[in-house]
file model.txt (compact mmCIF, C-alpha atoms and all ligand atoms)
# COMPACT_ATOMS: atom_id res chain seq x y z
CA MET A 144 28.22 -0.83 2.18
CA VAL A 145 24.48 -0.67 2.79
CA THR A 146 21.43 1.00 1.27
CA VAL A 147 18.58 2.56 3.20
CA GLY A 148 14.96 2.36 2.16
CA ILE A 149 12.16 4.53 3.49
CA ASP A 150 8.47 3.83 3.22
CA LEU A 151 6.66 7.09 3.73
CA GLY A 152 3.07 6.49 4.79
CA GLY A 153 0.26 8.67 6.04
CA THR A 154 0.69 7.21 9.54
CA ASN A 155 4.27 5.94 9.84
CA VAL A 156 7.72 6.42 8.35
CA TYR A 157 9.52 3.08 8.14
CA ALA A 158 13.23 2.92 7.42
CA VAL A 159 15.15 -0.29 6.72
CA VAL A 160 18.89 -0.74 6.25
CA VAL A 161 19.69 -3.45 3.72
CA ASP A 162 22.95 -5.16 2.80
CA GLY A 163 22.40 -6.92 -0.53
CA ASP A 164 19.11 -8.74 0.09
CA GLN A 165 19.51 -8.83 3.86
CA PRO A 166 17.69 -6.37 6.17
CA LEU A 167 20.09 -5.38 8.99
CA GLY A 168 18.25 -2.70 10.93
CA ARG A 169 14.95 -0.88 11.06
CA ALA A 170 13.14 2.10 12.57
CA LYS A 171 9.57 3.33 12.67
CA LEU A 172 8.49 6.89 13.49
CA ARG A 173 5.17 8.71 13.30
CA THR A 174 4.52 10.78 10.17
CA PRO A 175 3.67 14.38 11.15
CA ALA A 176 -0.09 14.91 10.77
CA THR A 177 0.27 18.68 10.31
CA GLY A 178 2.95 21.17 9.29
CA ASP A 179 4.88 21.31 6.04
CA ARG A 180 7.16 19.05 4.02
CA SER A 181 10.32 20.14 5.83
CA GLY A 182 8.89 18.62 9.01
CA VAL A 183 8.32 15.39 7.08
CA MET A 184 11.95 15.50 5.82
CA ASP A 185 13.16 15.86 9.44
CA VAL A 186 11.27 12.72 10.50
CA MET A 187 12.54 10.79 7.45
CA ASP A 188 16.10 11.85 8.31
CA ALA A 189 15.64 10.78 11.94
CA ALA A 190 14.25 7.41 10.76
CA VAL A 191 17.33 6.87 8.55
CA ARG A 192 19.67 7.57 11.46
CA ASP A 193 17.70 5.36 13.89
CA ALA A 194 17.69 2.48 11.40
CA LEU A 195 21.45 2.88 10.82
CA ALA A 196 22.05 2.84 14.57
CA ASP A 197 19.92 -0.32 14.82
CA ALA A 198 22.06 -1.89 12.09
CA GLY A 199 25.29 -0.84 13.79
CA ALA A 200 26.18 1.26 10.73
CA GLY A 201 26.91 4.93 10.15
CA ILE A 202 25.92 7.41 7.47
CA ASP A 203 29.36 6.90 5.85
CA ASP A 204 28.49 3.23 5.20
CA VAL A 205 25.52 4.23 3.05
CA GLU A 206 25.81 3.99 -0.72
CA GLY A 207 22.29 5.05 -1.57
CA VAL A 208 18.89 5.99 -0.22
CA GLY A 209 15.53 5.02 -1.69
CA VAL A 210 12.13 6.46 -0.82
CA GLY A 211 8.76 4.87 -1.49
CA SER A 212 6.28 7.72 -1.50
CA PRO A 213 2.53 7.93 -1.83
CA GLY A 214 1.23 9.91 -4.80
CA VAL A 215 2.37 10.04 -8.40
CA VAL A 216 6.16 9.87 -8.66
CA MET A 217 7.90 11.23 -11.75
CA ALA A 218 11.69 11.60 -12.12
CA GLY A 219 12.31 12.16 -8.41
CA THR A 220 9.33 14.49 -7.99
CA VAL A 221 6.16 13.69 -6.06
CA GLY A 222 2.68 15.17 -6.11
CA GLY A 223 -0.94 14.33 -5.50
CA ALA A 224 -0.55 12.68 -2.08
CA SER A 225 -3.19 14.09 0.26
CA ASN A 226 -2.24 12.06 3.35
CA VAL A 227 1.23 13.57 3.97
CA PRO A 228 1.60 17.29 4.80
CA GLY A 229 3.01 19.28 1.86
CA PHE A 230 2.85 16.38 -0.61
CA LEU A 231 -0.22 17.44 -2.61
CA GLU A 232 1.60 19.96 -4.80
CA ARG A 233 4.41 18.54 -6.92
CA PHE A 234 7.98 19.06 -5.66
CA SER A 235 11.38 17.42 -5.97
CA LEU A 236 11.47 15.01 -3.05
CA GLY A 237 14.71 13.45 -4.31
CA ASP A 238 16.63 16.75 -4.38
CA LEU A 239 15.20 18.03 -1.11
CA PHE A 240 15.98 14.85 0.82
CA LYS A 241 19.44 14.59 -0.76
CA GLN A 242 20.30 17.94 0.84
CA LYS A 243 19.32 16.43 4.17
CA VAL A 244 21.05 13.02 4.04
CA GLY A 245 23.94 13.87 1.72
CA HIS A 246 23.35 10.86 -0.55
CA THR A 247 21.69 10.34 -3.90
CA VAL A 248 18.01 9.63 -3.31
CA ARG A 249 15.91 7.43 -5.60
CA VAL A 250 12.14 7.87 -5.39
CA ALA A 251 9.36 5.55 -6.52
CA ASN A 252 5.71 5.00 -5.69
CA ASP A 253 5.28 3.20 -2.36
CA VAL A 254 3.31 0.24 -3.71
CA THR A 255 5.71 -0.10 -6.66
CA CYS A 256 8.47 -0.47 -4.05
CA ALA A 257 6.44 -3.11 -2.19
CA ALA A 258 5.86 -4.93 -5.49
CA ALA A 259 9.61 -4.92 -6.21
CA ALA A 260 10.36 -6.34 -2.76
CA GLU A 261 7.73 -9.09 -3.04
CA HIS A 262 9.10 -9.92 -6.50
CA ARG A 263 12.66 -10.29 -5.29
CA LEU A 264 12.28 -11.60 -1.73
CA GLY A 265 8.63 -12.33 -0.99
CA ALA A 266 5.48 -13.91 -2.39
CA GLY A 267 6.37 -13.06 -5.99
CA ARG A 268 9.67 -14.98 -6.13
CA GLY A 269 10.00 -17.03 -9.29
CA THR A 270 7.80 -14.91 -11.53
CA ASP A 271 8.64 -11.82 -13.55
CA ASP A 272 5.10 -10.52 -14.07
CA LEU A 273 3.12 -9.52 -11.03
CA LEU A 274 0.62 -7.07 -9.66
CA ALA A 275 0.79 -6.00 -6.02
CA VAL A 276 -2.48 -4.78 -4.53
CA HIS A 277 -2.38 -2.88 -1.26
CA VAL A 278 -5.70 -2.73 0.59
CA GLY A 279 -5.41 -0.28 3.44
CA THR A 280 -6.66 3.25 4.10
CA GLY A 281 -6.83 3.55 0.34
CA VAL A 282 -6.21 0.95 -2.35
CA GLY A 283 -2.87 1.04 -4.19
CA GLY A 284 -1.16 -1.02 -6.84
CA GLY A 285 2.32 -1.76 -8.11
CA ILE A 286 3.26 -3.53 -11.33
CA ILE A 287 6.32 -5.62 -12.21
CA LEU A 288 6.54 -6.61 -15.88
CA GLY A 289 9.45 -8.58 -17.31
CA GLY A 290 11.11 -8.38 -13.89
CA ARG A 291 11.14 -4.56 -13.86
CA PRO A 292 8.85 -2.04 -12.16
CA PHE A 293 6.44 -0.59 -14.72
CA GLU A 294 5.72 3.04 -13.84
CA GLY A 295 4.13 4.35 -17.04
CA GLY A 296 5.03 7.38 -19.13
CA ALA A 297 4.36 9.90 -16.37
CA GLY A 298 4.84 7.67 -13.33
CA GLY A 299 1.14 7.14 -12.89
CA ALA A 300 0.87 3.43 -13.68
CA GLY A 301 -0.38 1.00 -11.09
CA GLU A 302 -3.25 3.12 -9.75
CA PHE A 303 -5.24 -0.02 -9.18
CA GLY A 304 -7.50 1.69 -6.63
CA HIS A 305 -8.98 3.85 -9.37
CA VAL A 306 -9.83 1.08 -11.81
CA VAL A 307 -13.57 1.54 -12.38
CA VAL A 308 -15.66 -1.47 -11.38
CA ARG A 309 -19.10 0.19 -11.38
CA GLN A 310 -19.94 3.02 -13.75
CA GLY A 311 -21.78 5.78 -11.87
CA GLY A 312 -21.14 3.88 -8.62
CA ALA A 313 -20.13 5.03 -5.15
CA VAL A 314 -18.08 8.22 -4.78
CA CYS A 315 -14.36 7.52 -4.35
CA PRO A 316 -12.04 9.60 -2.13
CA CYS A 317 -10.48 10.75 -5.46
CA GLY A 318 -13.78 12.43 -6.35
CA ARG A 319 -14.70 10.08 -9.19
CA ARG A 320 -17.29 7.35 -9.08
CA GLY A 321 -17.18 3.57 -9.04
CA CYS A 322 -13.45 3.04 -8.39
CA VAL A 323 -12.25 -0.08 -6.53
CA GLU A 324 -11.18 2.19 -3.66
CA ALA A 325 -14.73 3.54 -3.29
CA TYR A 326 -15.69 0.03 -2.07
CA ALA A 327 -12.49 -1.52 -0.74
CA GLY A 328 -10.54 1.38 0.80
CA ARG A 329 -10.85 1.50 4.58
CA ARG A 330 -11.47 5.27 4.56
CA ALA A 331 -14.33 4.90 2.05
CA MET A 332 -15.74 1.92 4.00
CA ALA A 333 -15.70 3.98 7.21
CA LEU A 334 -17.59 6.82 5.48
CA ALA A 335 -20.14 4.35 4.10
CA ALA A 336 -20.58 2.92 7.60
CA GLU A 337 -21.15 6.40 9.03
CA ARG A 338 -23.80 7.13 6.41
CA SER A 339 -25.57 3.84 7.01
CA LYS A 340 -25.53 4.35 10.76
CA ALA A 341 -26.96 7.88 10.34
CA ALA A 342 -29.71 6.37 8.17
CA GLY A 343 -30.62 3.98 10.98
CA THR A 344 -28.76 0.76 10.07
CA PRO A 345 -27.69 -0.97 13.29
CA THR A 346 -23.92 -1.44 13.72
CA ILE A 347 -21.49 -1.89 16.59
CA LEU A 348 -18.52 -0.64 14.49
CA PHE A 349 -18.24 2.73 16.20
CA ASP A 350 -18.76 1.27 19.69
CA VAL A 351 -15.93 -1.17 19.01
CA MET A 352 -13.82 1.76 17.78
CA GLU A 353 -14.33 3.64 21.05
CA GLU A 354 -13.77 0.53 23.11
CA MET A 355 -10.43 0.03 21.34
CA GLY A 356 -9.47 3.65 22.01
CA LYS A 357 -9.39 4.63 18.33
CA THR A 358 -10.64 7.84 16.71
CA THR A 359 -11.26 6.20 13.32
CA PRO A 360 -12.34 2.65 12.49
CA THR A 361 -8.97 1.05 11.71
CA SER A 362 -8.61 -2.30 9.93
CA ARG A 363 -8.36 -3.95 13.36
CA VAL A 364 -11.61 -2.29 14.42
CA PHE A 365 -13.32 -3.60 11.27
CA ARG A 366 -11.99 -7.07 11.99
CA GLU A 367 -13.17 -7.02 15.60
CA ALA A 368 -16.68 -5.79 14.65
CA PHE A 369 -16.83 -8.48 11.95
CA ASP A 370 -15.80 -11.18 14.42
CA ARG A 371 -18.61 -10.07 16.72
CA GLY A 372 -21.08 -10.60 13.89
CA ASP A 373 -21.81 -7.02 12.82
CA PRO A 374 -24.07 -7.33 9.74
CA LEU A 375 -23.19 -3.89 8.29
CA VAL A 376 -19.47 -4.66 8.39
CA ALA A 377 -20.15 -8.05 6.77
CA ASP A 378 -22.05 -6.29 3.95
CA LEU A 379 -19.28 -3.70 3.47
CA LEU A 380 -16.69 -6.47 3.36
CA ASP A 381 -18.72 -8.38 0.75
CA ASP A 382 -18.84 -5.24 -1.41
CA ALA A 383 -15.09 -4.73 -0.97
CA ILE A 384 -14.36 -8.33 -2.02
CA GLU A 385 -16.63 -8.08 -5.08
CA ALA A 386 -14.95 -4.82 -6.16
CA LEU A 387 -11.46 -6.24 -5.61
CA GLY A 388 -12.37 -9.40 -7.54
CA ALA A 389 -13.66 -7.45 -10.54
CA GLY A 390 -10.75 -5.00 -10.43
CA VAL A 391 -8.08 -7.69 -10.12
CA ALA A 392 -9.66 -9.68 -12.98
CA SER A 393 -9.68 -6.57 -15.20
CA ALA A 394 -6.02 -5.94 -14.43
CA VAL A 395 -5.17 -9.60 -15.13
CA ASN A 396 -7.14 -9.53 -18.40
CA LEU A 397 -5.11 -6.49 -19.43
CA LEU A 398 -1.63 -7.53 -18.24
CA ASP A 399 -1.68 -11.35 -18.00
CA VAL A 400 0.39 -11.35 -14.82
CA ASP A 401 1.15 -14.71 -13.14
CA VAL A 402 0.74 -13.57 -9.56
CA VAL A 403 -1.34 -11.02 -7.68
CA VAL A 404 0.17 -10.21 -4.27
CA LEU A 405 -2.44 -9.03 -1.81
CA GLY A 406 -1.26 -6.91 1.13
CA GLY A 407 -2.15 -3.95 3.32
CA GLY A 408 -3.86 -3.51 6.68
CA LEU A 409 -7.30 -4.79 5.70
CA ALA A 410 -5.90 -7.80 3.82
CA ASP A 411 -3.60 -8.63 6.75
CA GLN A 412 -6.40 -8.37 9.33
CA PHE A 413 -8.82 -10.61 7.43
CA GLY A 414 -6.05 -12.98 6.37
CA GLU A 415 -6.38 -16.21 4.42
CA ARG A 416 -10.18 -16.12 4.23
CA PHE A 417 -10.01 -12.69 2.56
CA ARG A 418 -7.39 -13.87 0.06
CA MET A 419 -9.50 -16.87 -0.90
CA GLN A 420 -12.62 -14.73 -1.28
CA VAL A 421 -10.89 -12.19 -3.51
CA ASP A 422 -9.51 -15.07 -5.59
CA ALA A 423 -13.01 -16.58 -5.90
CA ALA A 424 -14.57 -13.19 -6.76
CA MET A 425 -11.95 -12.70 -9.49
CA ARG A 426 -12.40 -16.01 -11.31
CA PRO A 427 -15.77 -15.46 -13.05
CA HIS A 428 -14.34 -12.31 -14.74
CA LEU A 429 -11.14 -13.88 -16.10
CA PHE A 430 -10.90 -14.05 -19.87
CA LEU A 431 -7.88 -16.33 -20.39
CA GLN A 432 -8.87 -19.98 -19.90
CA PRO A 433 -7.72 -22.00 -18.14
CA PRO A 434 -6.61 -19.23 -15.78
CA ARG A 435 -2.95 -19.33 -14.69
CA VAL A 436 -3.03 -16.45 -12.25
CA ARG A 437 -2.66 -16.97 -8.48
CA VAL A 438 -3.72 -14.56 -5.76
CA VAL A 439 -1.21 -14.84 -2.90
CA ALA A 440 -0.71 -13.06 0.42
CA ALA A 441 2.15 -10.58 0.74
CA GLU A 442 5.01 -12.06 2.77
CA LEU A 443 7.01 -9.01 3.78
CA GLY A 444 4.23 -7.25 5.70
CA ASP A 445 4.73 -3.66 6.78
CA GLU A 446 8.38 -3.78 5.79
CA GLY A 447 7.89 -4.54 2.08
CA GLY A 448 7.75 -0.92 0.92
CA ALA A 449 10.91 0.08 2.77
CA ILE A 450 12.83 -3.02 1.63
CA GLY A 451 11.75 -2.34 -1.98
CA ALA A 452 12.94 1.27 -1.69
CA ALA A 453 16.32 0.03 -0.42
CA LEU A 454 16.60 -2.44 -3.31
CA LEU A 455 15.81 0.39 -5.71
CA ALA A 456 18.58 2.51 -4.18
CA ALA A 457 21.06 -0.28 -4.90
CA GLU A 458 20.23 -0.36 -8.62
CA PRO A 459 22.33 1.58 -11.12
CA ALA A 460 20.68 4.91 -11.97
ZN ZN A 501 -10.93 6.85 -7.31
call {"tool": "encode", "arguments": {"input": "model.txt", "output": "structure tokens", "more": "lines below"}}
Ligand SMILES: [Zn+2]
result
Amino acid sequence: MVTVGIDLGGTNVYAVVVDGDQPLGRAKLRTPATGDRSGVMDVMDAAVRDALADAGAGIDDVEGVGVGSPGVVMAGTVGGASNVPGFLERFSLGDLFKQKVGHTVRVANDVTCAAAAEHRLGAGRGTDDLLAVHVGTGVGGGIILGGRPFEGGAGGAGEFGHVVVRQGGAVCPCGRRGCVEAYAGRRAMALAAERSKAAGTPTILFDVMEEMGKTTPTSRVFREAFDRGDPLVADLLDDAIEALGAGVASAVNLLDVDVVVLGGGLADQFGERFRMQVDAAMRPHLFLQPPRVRVVAAELGDEGGAIGAALLAAEPA
């Protein structure tokens, strides 16, 4: 018997078929950019079937399905995700998708799933207290305490991106000010770059974007512009690292986790240098001395969320 995990993102739907701890098959489809949630369910269903085919398994071999979803997840319901059509208003994702796939569906926050996977199979092996930080379009977090995902009373724990690092600071995509995501989320960084360019600051970021055939500055575009010595991108990256350092230190001061797993598109693109810089930016703010915490790179890459969702589906309800 196998379990299937889905990582539902704003850009892609990943599905992974897992037997125990072993991934057997995978599939990746585009998330619909428009439409309603039933269109999203159709793509998730297709991803499950493609991943099963890749694993040489059928729907009858499945003992459970897990979904890692953006937004705030509470008892199988999801709401507050603005990057997937129909996911802003709260609804029962678990029930709706169960009707589609015919199996019990467990739902958790996407970064919580990634944290669970890194804990069990990735960079967080050997510790039971960790924070996963996902630096991509936005900034997400997932918490494992005592070896278990910690989701909070209403499922809203782990919103690392909205830890405030500068009171009255830059406007965050959430509408508040001074959050980590306002400095370190790729969407917020792209907006800041647009504003600076309009105000006359020289930058090649948007030329690189066009050259690479993109309509928004992706993490790869940021990396390329940085490699070519763009000073604006270097400044934005410095701000992002400072914000992440302060935010991670605040989280560590609160939770005393052993390991912080850094992942996501921006972290992956900038690699080891970025990890070391976030680690260095964190240290001056740490309260517990000598510090025990380590900042490590995620090991499971794009697949972590889906693998974590599959592991969740295998757990007793
Ligand atoms: Zn925010």
call {"tool": "residues_around", "arguments": {"input": "model.txt", "residues": "Gly321 in chain A", "least_positions_apart": "3", "cutoff": "8 Å", "atoms": "all atoms listed in the file", "output": "PyMOL selection string"}}
result
chain A and resi 307-315+325-326
call {"tool": "closest_atom_pairs", "arguments": {"input": "model.txt", "of": "chain A", "to": "ligand ZN 501 (chain A)", "cutoff": "6 Å", "atoms": "all atoms listed in the file", "output": "CSV"}}
result
residue,atom,partner,partner_atom,distance
A:His305,CA,A:ZN501,ZN,4.1
A:Cys315,CA,A:ZN501,ZN,4.6
A:Pro316,CA,A:ZN501,ZN,6.0
A:Cys317,CA,A:ZN501,ZN,4.3
A:Arg319,CA,A:ZN501,ZN,5.3
A:Cys322,CA,A:ZN501,ZN,4.7
A:Glu324,CA,A:ZN501,ZN,5.9
call {"tool": "atom_distance", "arguments": {"input": "model.txt", "atom1": "CA of Asp162 in chain A", "atom2": "CA of Met187 in chain A"}}
result
19.6 Å
call {"tool": "residues_around", "arguments": {"input": "model.txt", "residues": "Phe240 in chain A", "least_positions_apart": "6", "cutoff": "9 Å", "atoms": "only C-alpha atoms", "output": "VMD selection string"}}
result
chain A and resid 184 187 to 188 246 to 248
call {"tool": "residues_around", "arguments": {"input": "model.txt", "residues": "Gly388 in chain A", "least_positions_apart": "4", "cutoff": "12 Å", "atoms": "only C-alpha atoms", "output": "PyMOL selection string"}}
result
chain A and resi 276+303+306+308+323+326-327+381-384+392-395+403+405+417-429+438
call {"tool": "residues_near_point", "arguments": {"input": "model.txt", "point": "(8.8, 10.3, -10.3)", "cutoff": "8 Å", "atoms": "all atoms listed in the file", "output": "JSON list (two decimals) with C-alpha atoms, keeping the file's coordinate frame"}}
result
[["chain", "number", "residue", "atom", "x", "y", "z"],
["A", 215, "VAL", "CA", 2.37, 10.04, -8.40],
["A", 216, "VAL", "CA", 6.16, 9.87, -8.66],
["A", 217, "MET", "CA", 7.90, 11.23, -11.75],
["A", 218, "ALA", "CA", 11.69, 11.60, -12.12],
["A", 219, "GLY", "CA", 12.31, 12.16, -8.41],
["A", 220, "THR", "CA", 9.33, 14.49, -7.99],
["A", 221, "VAL", "CA", 6.16, 13.69, -6.06],
["A", 250, "VAL", "CA", 12.14, 7.87, -5.39],
["A", 251, "ALA", "CA", 9.36, 5.55, -6.52],
["A", 252, "ASN", "CA", 5.71, 5.00, -5.69],
["A", 297, "ALA", "CA", 4.36, 9.90, -16.37],
["A", 298, "GLY", "CA", 4.84, 7.67, -13.33]]
call {"tool": "atom_distance", "arguments": {"input": "model.txt", "atom1": "CA of Val254 in chain A", "atom2": "CA of Gly285 in chain A"}}
result
4.9 Å
call {"tool": "residues_around", "arguments": {"input": "model.txt", "residues": "Ile286 in chain A", "least_positions_apart": "6", "cutoff": "10 Å", "atoms": "only C-alpha atoms", "output": "list of chain:residue names"}}
result
A:Val254, A:Thr255, A:Cys256, A:Ala257, A:Ala258, A:Ala259, A:His262, A:Asp272, A:Leu273, A:Leu274, A:Ala275, A:Val276, A:Pro292, A:Phe293, A:Glu294, A:Gly295, A:Ala300, A:Gly301, A:Glu302, A:Phe303, A:Leu398, A:Val400, A:Val403
